[in-house]
Structure formats: structure tokens, C-alpha cells
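Below is one structure, written out as C-alpha cells; the observations come after it.
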Protein chains: 2
Amino acid sequence: MTGQPHGRKHLAARRPAVGLTGMDLPVVGPKAVPDATVARLATYLRVLSVMDDVGVDTVSSDELAAAAGVNSAMLRKDLSHLGSYGVRGVGYAVRTLVDHLASTLGLGVHRAVALIGVGNLGQALAGYAGFGSRGFRIAALLDADPNRVGTMLRGLTVRDISELEAVVESEQISIAVIATPASAAQEVADRLAAAGVTAILNFAPTVLAVPDTVDVRKVDLAAELQILSFHEQRKARPAAAEVRAAEGGAR
Amino acid sequence: MTGQPHGRKHLAARRPAVGLTGMDLPVVGPKAVPDATVARLATYLRVLSVMDDVGVDTVSSDELAAAAGVNSAMLRKDLSHLGSYGVRGVGYAVRTLVDHLASTLGLGVHRAVALIGVGNLGQALAGYAGFGSRGFRIAALLDADPNRVGTMLRGLTVRDISELEAVVESEQISIAVIATPASAAQEVADRLAAAGVTAILNFAPTVLAVPDTVDVRKVDLAAELQILSFHEQRKARPAAAEVRAAEGGAR
DNA sequence: CGTAATTTGTGAACGCATTCACAAGCGCGT
DNA sequence: ACGCGCTTGTGAATGCGTTCACAAATTACG
């Protein structure tokens, strides 16, 4: 899905790259890590961190796969993309693997995150402890509502949206989180992109148009429920496909 | 990515079903709608609803695909799984398509949702307007903290977790949202499953083990940032793969 | 009525992801 | 030292999802 079946752009700009000879070399390298794998690395890291805290120092692919909820062959293949960090006949060294995963995910330093939109959801995100413990630091809060600007939240002052560009610069923002209403999201994204931000996590229920250089992931809460709803309905009717014949137009 | 690469179980219990003759018929039907397609239907519905509100009554696959951020061939194939609702040479009737999508997603009636865990994130979810406008009704709030039980939130009284089974029954809960700390999530999931809930949206950063009959989707906020972080790092170093040689063990 | 302009629906090709299955490597006991 | 048991790493097979490319269907218009 995946997947989160999500809006991505990564290597989208990769052209056919046909050579005159017909040979096409892997110019950029061996496509290091597949997207599907990257999406699972975070889970592996979380599970391994817990094991490390508990004192486990070696784990087999079967055990780790079970804890992460995946097939063990897939886990091994995923890890093999990072290099060879296991020992045959033994397993993986937990601490070592944690370090390598953190390094691979770019969590060597706590990345500075800006949160745009401090409404309902934004306030919750600002207070979410999981960010801090897993490699991120919320470095700035921005909002357009004059009633919210200037207030304190979790030790940070909410700043006016007009300061966006200045904040991105001064706080060395590497990732921005959009938690504004849908109507404001595109403009915020445009300004973030123009200011040089190249990674956006979007909670607003809108499709964002951004340059190829910007990586966008979206989280659509209602959509998640709708997907579950689809499967619920499916379970309810074993195999009736043409039940939906007589239905009016009232939405 | 991904698909948001998410934890799913759907038709996982489908066995090889080998017949003695070697023929294997599609016993359950033509696998109506692919998972990847379902995950996009919610987006199409949202985009179409906006178009409908604005007064658009016909849309081509190119236009709709652009608005939804996907390839038009994919859009057509997705919609073709629901049946043939377009008109060649013309396009799709917006209103009709909205109705069919809503019907397909099982949104005919507002589904009752229970929210377990009314902390930081839970409160935000309880107040998220997007649920109500997109087919869901939060019908119950549950929490284990005595300080929160009994308080009012968005017109609902927070009830004690001990009432979980009773609430699922009386409110006809079809989907549950887990927004508890990770440490409590598995037990809550167990009780939900035992109470007959077959769809769970999990915000707790833990892998849930549930029976095959239960459909789980997870949203891991920190993981989303970590995935973005990976790509950020990738952009930062054009093609240096063996830079990570000398690194101590300090985590 | 016939022809041109559109746009859908879909078979086929392609590519990526997952799973299988086993050879290669490692540690332990004797 | 040597063989046995265990576990990784990976080539091959399989399956799923996306994209291509075009025939079929429909409208517009002369």
C-alpha cells in the first residue's frame, strides 16, 4: 500500500535516459533502498529500540519479523538493502542495527520541524511526545489566526504566518508539517517550497501541487476510516455485487 | 510510498485452494476491487464532492486525475472496477459518481465510531470536523484515566474503559479508533476484537496482533517524519554510500 | 447521414514488491 | 578438527499495480 498508498515524488523525475548505444547504465547508483522498504524501516527501528531498552542484544529475523508484523524473508531482504549486518547462524546485534537504522533514516541529529496551523490537530501534534523521542524537534509553530499568534504552547510562542520564510531560515527547518484547514494548505505549501523546504507532511485533506524537488507525504484521517468502512461493508454482504441497483440521487 | 505501506489483513486468510483437478476457480468472486484502488477512492470522493459543491456536473478522467494527483489511465482503471459509470466522448457525471463512490465505501449511513484514549491526540480527533462531514459519527469516548472519565468533550461524556464492551453493543460501533499510549493499545485491541469490532484505526505506535477477521490500519506520525527524513538525507549526499564507516556505538 | 473529434474502458506490457527455497556462512559441541 | 544445526543473504518465481496504447462508443457538426 503500502501503503500507505501515499503521495510521493522521490525519483519521479528520472527520465528514460536512453543512450545512443541502447545501453542504459544505472547512472545514479544501484537504487539503494526501495520505497517500500524505507516505509518499513521506521517500524523496525521502533521495535528494535524497545528490545534494546529491555536488554535484548541479539535477535533473529524470525523474531524481529514477528514483532514487526511482517514476513521474515521480507525483513531479511529489507535489511540486506542496507548492507550485511547480520551474522549467519546467530542473528542481528540489536544495538548495532538500531544505530544503522537511525543513521540510514538520517536521525543522527534531531531534525528541526516547523508546524503550520495550531488548531485542533496542530495543538495535539505540538504536544505529541513521540516526535521528540524518535528524532525530531518541533522548532517553530506558525498560525494565521491573530487570536492564536503570540500564545505559548509547549514552550514555544506561536508566530505569525508572515514570518514563515524567516523562521525556515533561522531555525534551519528541514521538514514542515501542515495542519491548517484545507483552504490554506496549498498556499502554505507554495511558500514553504519557495523558502527551500523540501519535505512536507500534510494533514490537510487536499492534494498539494509542489515542485519535483519537494517530497510530500499525506495523512488523511477521514480517508483511513473510509477505507476501513469499505472493508466493513464487504464483510457484511458475502457476495452480493448487484444489490446497488435502485438508489436515488440524494447525497 | 507508499502505499502508505500499512498493516492490512483483508483477504489474508485466502488459502491456495487447490482443487484435485488442478483447476482453481475464483471461488469468492472476481476479487472485486484491488486494495490499491480502494485506498484512492476516498481521495476521488473528496475531490468530486468539492466539484459537486462548486456546480461542476461533468468531468473527464484527465481533469479528475489531475485534481486527484494521479495518472488518468489509473483513474479510469480504478473506476472501471466499480462498473462502467462514464460516457465515452463525454466524461463522468459528478453527482452520479459521488453517489456510487459513497455507496461503494459503505457511507450510506453515518457509521458509529468509538474513540479509545482521550489524551493529547484523542481530544484532537474527537474535535476533528472532517469525520462528521465525510461519513462518520463519533459515538463514544472512552478512557482509563479517572481524571478524564466523566468530563464532557464535544457533547459527549468520557466513559470509563470498563464500559467498552457495553458501549460497543449499545452504540452499534462498527469502527474503533485507538489513541491510547502504546502500552495500552494491545489490550484495548484484544477487548475490541472480543466485543465484535472488526475494524480498527490505530494511532498508537505499536504493532497490534488481532484475529484475521479484524481489519487494522495504522497511522504512525513519527514514522511518517522518519520516512521524509530518509529522503532528505538522500538529497543531501548525492551519491555517497560508504560514508558511514567510522561511527561509534553511542545511540 | 456520414465523418471528425472526443473520451472511456481495457488487453497487454512493464516494473516493482513479496515470497519461496536453498546455498553459504557461522558457532558449538565433541 | 570436524561435522551438525541454525540463520542469514539472495537468485528465482510469483503476484500485484501501473502505464501504455488503442478499439469502442458517443457527441458535434457539416
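Scheme for the C-alpha cells: letters A, B, ... for chains in order shown; per-chain residue numbers from 1; ligand numbers from 1 in order shown.
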Note to self: List as a ChimeraX atom specification the protein and nucleic acid residues near DG15 of chain C, meaning an atom at most 10 Å away when only C-alpha atoms (C1' of nucleotides) are counted, but skip any in the same chain fewer than 3 places from it.
What the structure shows: /D:17-19
Just the selected residues (C-alpha atoms (C1' of nucleotides)), exported as an mmCIF file, in the first residue's frame, please.
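What ended up in again30.cif:
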data_model
loop_
_atom_site.group_PDB
_atom_site.id
_atom_site.type_symbol
_atom_site.label_atom_id
_atom_site.label_comp_id
_atom_site.auth_asym_id
_atom_site.auth_seq_id
_atom_site.Cartn_x
_atom_site.Cartn_y
_atom_site.Cartn_z
ATOM 1 C "C1'" DG D 17 -0.021 -2.460 -9.545
ATOM 2 C "C1'" DT D 18 0.847 0.982 -13.044
ATOM 3 C "C1'" DT D 19 1.261 2.611 -17.536
#
Note to self: Over all C-alpha pairs taken in order, what is the RMSD once chain B has been least-squares superposed onto chain A?
What the structure shows: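 The C-alpha RMSD comes to 0.3 Å.
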Margin query: Need the shell around DA12 of chain D: protein/DNA/RNA residues with any atom at most 12 Å away, counting only C-alpha atoms (C1' of nucleotides). Skip same-chain ones fewer than 4 positions apart. Format as a list of chain:residue names?
Written below: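 That gives C:DT19, C:DC20, C:DA21, C:DC22.
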Next item on the list: Restrict the distance test to only C-alpha atoms (C1' of nucleotides), flag each residue of chain D within 6 Å of chain A, and return the flagged residues as a list in words.
Entry: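 Using only C-alpha atoms (C1' of nucleotides), chain D residues at most 6 Å from chain A: DC6, DT7 and DT8 of chain D.
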Item checked: Residues near Gly119 of chain A, cut-off 8 Å, only C-alpha atoms (C1' of nucleotides), skip fewer than 4 positions along chain, as a count of residues only -> 3
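Minimum atom-to-atom distance to chain B, evaluated using only C-alpha atoms, belongs to A:Leu228 out of A:Ala129, A:Ile178, A:Leu228, A:Val197.
When the distance limit is 10 Å and only C-alpha atoms (C1' of nucleotides) are what count, the residues near Asp145 of chain B, minus those fewer than 2 positions from it on the same chain, are B:Gly117, B:Val118, B:Gly119, B:Leu142, B:Asp143, B:Asn147, B:Arg148, B:Val149, B:Gly150, B:Val158, B:Arg159, B:Asp160, B:Ile161.
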Next item on the list: as a PyMOL selection string, list the residues of segment 134-238 of chain A assigned to alpha helix (DSSP H) by DSSP on the backbone atoms of this structure.
Entry: chain A and resi 164-170+182-194+221-236
Check: Looking only at the backbone, which of the residues in segment 175-247 of chain B does DSSP tag as strand (DSSP E), as a ChimeraX atom specification?
Finding: /B:175-178,199-202,215-218
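Taking only C-alpha atoms (C1' of nucleotides) into account, chain C lies nearest to B:Ser72 out of the set B:Thr151, B:Ser162, B:Ser72, B:Thr37.
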Next item on the list: Would you kindly report the residues of chain C within 6 Å of chain B, using only C-alpha atoms (C1' of nucleotides), as a ChimeraX atom specification?
Entry: /C:6-8
For the residues in the current selection, export N, CA and C atoms (P, O5', C5', C4', C3', O3' and C1' of nucleotides) as a PDB file, in the first residue's frame.
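Result written to selection.pdb:
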ATOM      1  P    DT C   6     -10.878  17.720 -30.492  1.00  0.00           P
ATOM      2  O5'  DT C   6     -11.384  16.996 -29.176  1.00  0.00           O
ATOM      3  C5'  DT C   6     -11.866  15.681 -29.289  1.00  0.00           C
ATOM      4  C4'  DT C   6     -12.937  15.437 -28.233  1.00  0.00           C
ATOM      5  C3'  DT C   6     -12.332  14.958 -26.929  1.00  0.00           C
ATOM      6  O3'  DT C   6     -13.124  15.369 -25.826  1.00  0.00           O
ATOM      7  C1'  DT C   6     -13.507  13.173 -28.007  1.00  0.00           C
ATOM      8  P    DT C   7     -12.435  15.435 -24.368  1.00  0.00           P
ATOM      9  O5'  DT C   7     -12.717  13.963 -23.835  1.00  0.00           O
ATOM     10  C5'  DT C   7     -14.066  13.570 -23.645  1.00  0.00           C
ATOM     11  C4'  DT C   7     -14.113  12.098 -23.342  1.00  0.00           C
ATOM     12  C3'  DT C   7     -13.054  11.616 -22.342  1.00  0.00           C
ATOM     13  O3'  DT C   7     -13.675  10.807 -21.372  1.00  0.00           O
ATOM     14  C1'  DT C   7     -13.057  10.239 -24.214  1.00  0.00           C
ATOM     15  P    DT C   8     -12.854  10.259 -20.108  1.00  0.00           P
ATOM     16  O5'  DT C   8     -13.454   8.798 -20.079  1.00  0.00           O
ATOM     17  C5'  DT C   8     -14.876   8.643 -20.099  1.00  0.00           C
ATOM     18  C4'  DT C   8     -15.243   7.290 -20.665  1.00  0.00           C
ATOM     19  C3'  DT C   8     -14.825   6.120 -19.779  1.00  0.00           C
ATOM     20  O3'  DT C   8     -15.898   5.207 -19.689  1.00  0.00           O
ATOM     21  C1'  DT C   8     -13.908   5.877 -21.958  1.00  0.00           C
TER      22       DT C   8
END
Item checked: Coordinates-based distance that separates atom CA of Gln226 of chain B from atom CA of Gly122 of chain A (Å, one decimal) ->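 Atom CA of Gln226 of chain B lies 18.6 Å from atom CA of Gly122 of chain A.
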